[in-house]
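Taking it in order: structure first as structure tokens, then the write-up.
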Amino acid sequence: MFHLIFAPMLYCLWVGGAVSHSAEADDWTRQKCDLYSAAWQDVEASHDMAGVSDDFLEKNRNFIALGCPESMRICAVSPEDIDLANLLTVLSMNEGMASTFVPFGCPD
């Protein structure tokens, strides 16, 4: 009889914990996107964008507008694109994000 009562209670606690961890992960994901967006705005306002490709700029803006999807990759091509990607990576890491958060990557 004990296992008939205990097992459902244990399951509810386990599911509740999973939901809590998932909500925390979602909050952190949103916070990372907000931090990246703020860094992007600061960089756009203060950084010389000469030489940065229009495609790189547009894709970064889209990345933010779409909520920073994990699957999106932006290829930095020009030296200025690469410098900007490096700067954004450092700024992101300074905020406590892993370097894997940033959307930079090129197909093989």
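Residues are referred to by chain and number: the chain letter is A, B, ... according to the order shown in the structure tokens, the number counts from 1 in that chain, and ligands are numbered separately from 1 in the order shown.
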
**Request:** Find the residues near region 92-96 of chain A: any atom within 10 Å, counting only C-alpha atoms, skip ones fewer than 4 places away on the same chain, and give them as a VMD selection string.
**Result:** chain A and resid 32 to 33 35 to 37 39 to 40 86 to 88 100 to 102

Could you dump the residues just selected with C-alpha atoms as a compact mmCIF listing (two decimals), in the first residue's frame?
```
# COMPACT_ATOMS: atom_id res chain seq x y z
CA LYS A 32 21.57 35.94 -21.96
CA CYS A 33 19.70 37.22 -25.00
CA LEU A 35 22.56 40.88 -22.23
CA TYR A 36 23.72 40.13 -25.78
CA SER A 37 21.18 42.63 -27.11
CA ALA A 39 26.05 44.61 -25.73
CA TRP A 40 25.05 44.76 -29.41
CA ASN A 86 35.57 38.58 -31.16
CA LEU A 87 34.48 41.73 -29.29
CA LEU A 88 30.92 40.43 -28.85
CA THR A 100 29.15 28.86 -27.07
CA PHE A 101 26.20 31.23 -26.63
CA VAL A 102 27.29 33.64 -29.35
```

**Prompt:** What lies within 9 Å of Leu84 (chain A) using only C-alpha atoms, ignoring chain neighbours under 6 positions off, as JSON, numbers by chain?
**Reply:** {"A": [43, 47, 49, 52, 76]}

Create the file for the chosen residues now, containing all heavy atoms and written as a PDB file, in the first residue's frame.
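Written output follows (again_32.pdb):
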```
ATOM      1  N   VAL A  43      27.719  48.362 -28.755  1.00  0.00           N
ATOM      2  CA  VAL A  43      28.739  48.259 -29.798  1.00  0.00           C
ATOM      3  C   VAL A  43      28.297  49.035 -31.037  1.00  0.00           C
ATOM      4  O   VAL A  43      29.088  49.773 -31.626  1.00  0.00           O
ATOM      5  CB  VAL A  43      29.029  46.778 -30.136  1.00  0.00           C
ATOM      6  CG1 VAL A  43      29.822  46.640 -31.406  1.00  0.00           C
ATOM      7  CG2 VAL A  43      29.769  46.123 -28.977  1.00  0.00           C
ATOM      8  N   HIS A  47      31.048  51.672 -31.814  1.00  0.00           N
ATOM      9  CA  HIS A  47      32.072  50.994 -32.614  1.00  0.00           C
ATOM     10  C   HIS A  47      32.024  51.487 -34.059  1.00  0.00           C
ATOM     11  O   HIS A  47      30.954  51.703 -34.612  1.00  0.00           O
ATOM     12  CB  HIS A  47      31.832  49.477 -32.570  1.00  0.00           C
ATOM     13  CG  HIS A  47      32.920  48.653 -33.151  1.00  0.00           C
ATOM     14  ND1 HIS A  47      34.100  48.409 -32.490  1.00  0.00           N
ATOM     15  CD2 HIS A  47      33.014  48.003 -34.335  1.00  0.00           C
ATOM     16  CE1 HIS A  47      34.863  47.640 -33.245  1.00  0.00           C
ATOM     17  NE2 HIS A  47      34.227  47.384 -34.372  1.00  0.00           N
ATOM     18  N   MET A  49      31.768  50.862 -37.580  1.00  0.00           N
ATOM     19  CA  MET A  49      31.257  49.720 -38.334  1.00  0.00           C
ATOM     20  C   MET A  49      31.774  49.688 -39.775  1.00  0.00           C
ATOM     21  O   MET A  49      31.323  48.854 -40.559  1.00  0.00           O
ATOM     22  CB  MET A  49      29.731  49.717 -38.338  1.00  0.00           C
ATOM     23  CG  MET A  49      29.121  49.537 -36.976  1.00  0.00           C
ATOM     24  SD  MET A  49      29.487  47.897 -36.325  1.00  0.00           S
ATOM     25  CE  MET A  49      28.473  47.881 -34.879  1.00  0.00           C
ATOM     26  N   VAL A  52      32.460  46.353 -41.777  1.00  0.00           N
ATOM     27  CA  VAL A  52      31.641  45.239 -41.302  1.00  0.00           C
ATOM     28  C   VAL A  52      30.578  44.989 -42.370  1.00  0.00           C
ATOM     29  O   VAL A  52      29.909  45.915 -42.821  1.00  0.00           O
ATOM     30  CB  VAL A  52      30.986  45.551 -39.941  1.00  0.00           C
ATOM     31  CG1 VAL A  52      30.096  44.395 -39.495  1.00  0.00           C
ATOM     32  CG2 VAL A  52      32.049  45.855 -38.891  1.00  0.00           C
ATOM     33  N   ALA A  76      31.347  35.183 -39.775  1.00  0.00           N
ATOM     34  CA  ALA A  76      32.141  36.405 -39.873  1.00  0.00           C
ATOM     35  C   ALA A  76      33.151  36.198 -40.998  1.00  0.00           C
ATOM     36  O   ALA A  76      33.966  35.282 -40.934  1.00  0.00           O
ATOM     37  CB  ALA A  76      32.850  36.677 -38.549  1.00  0.00           C
TER      38      ALA A  76
END
```

**Item:** Backbone-only DSSP, alpha helix (DSSP H) members of region 7-107 of chain A, as a ChimeraX atom specification
**Value:** /A:7-46,54-65,79-94

**Request:** Have a look at CA of Asp27 (chain A) and CA of Phe56 (chain A) and let me know their distance in Å, one decimal.
**Result:** 27.0 Å

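Computed from the coordinates, the CA of Pro107 (chain A) to CA of Lys59 (chain A) distance equals 15.1 Å.
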
**Request:** Considering only C-alpha atoms, state which residue in the set A:Asp83, A:Ile74, A:Thr29, A:Ser99 is at the smallest distance from Ala50 (chain A).
**Result:** A:Asp83

**Prompt:** In terms of the shortest atom-to-atom distance over only C-alpha atoms, which of A:Val77, A:Leu66, A:Leu57, A:Ala98 is closest to Glu44 (chain A)?
**Reply:** A:Leu57

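Minimum atom-to-atom distances from A:Arg73, A:Ser78, A:Ala85, A:Met97 to Ser53 (chain A) were compared using only C-alpha atoms, and the lowest value belongs to A:Ser78.
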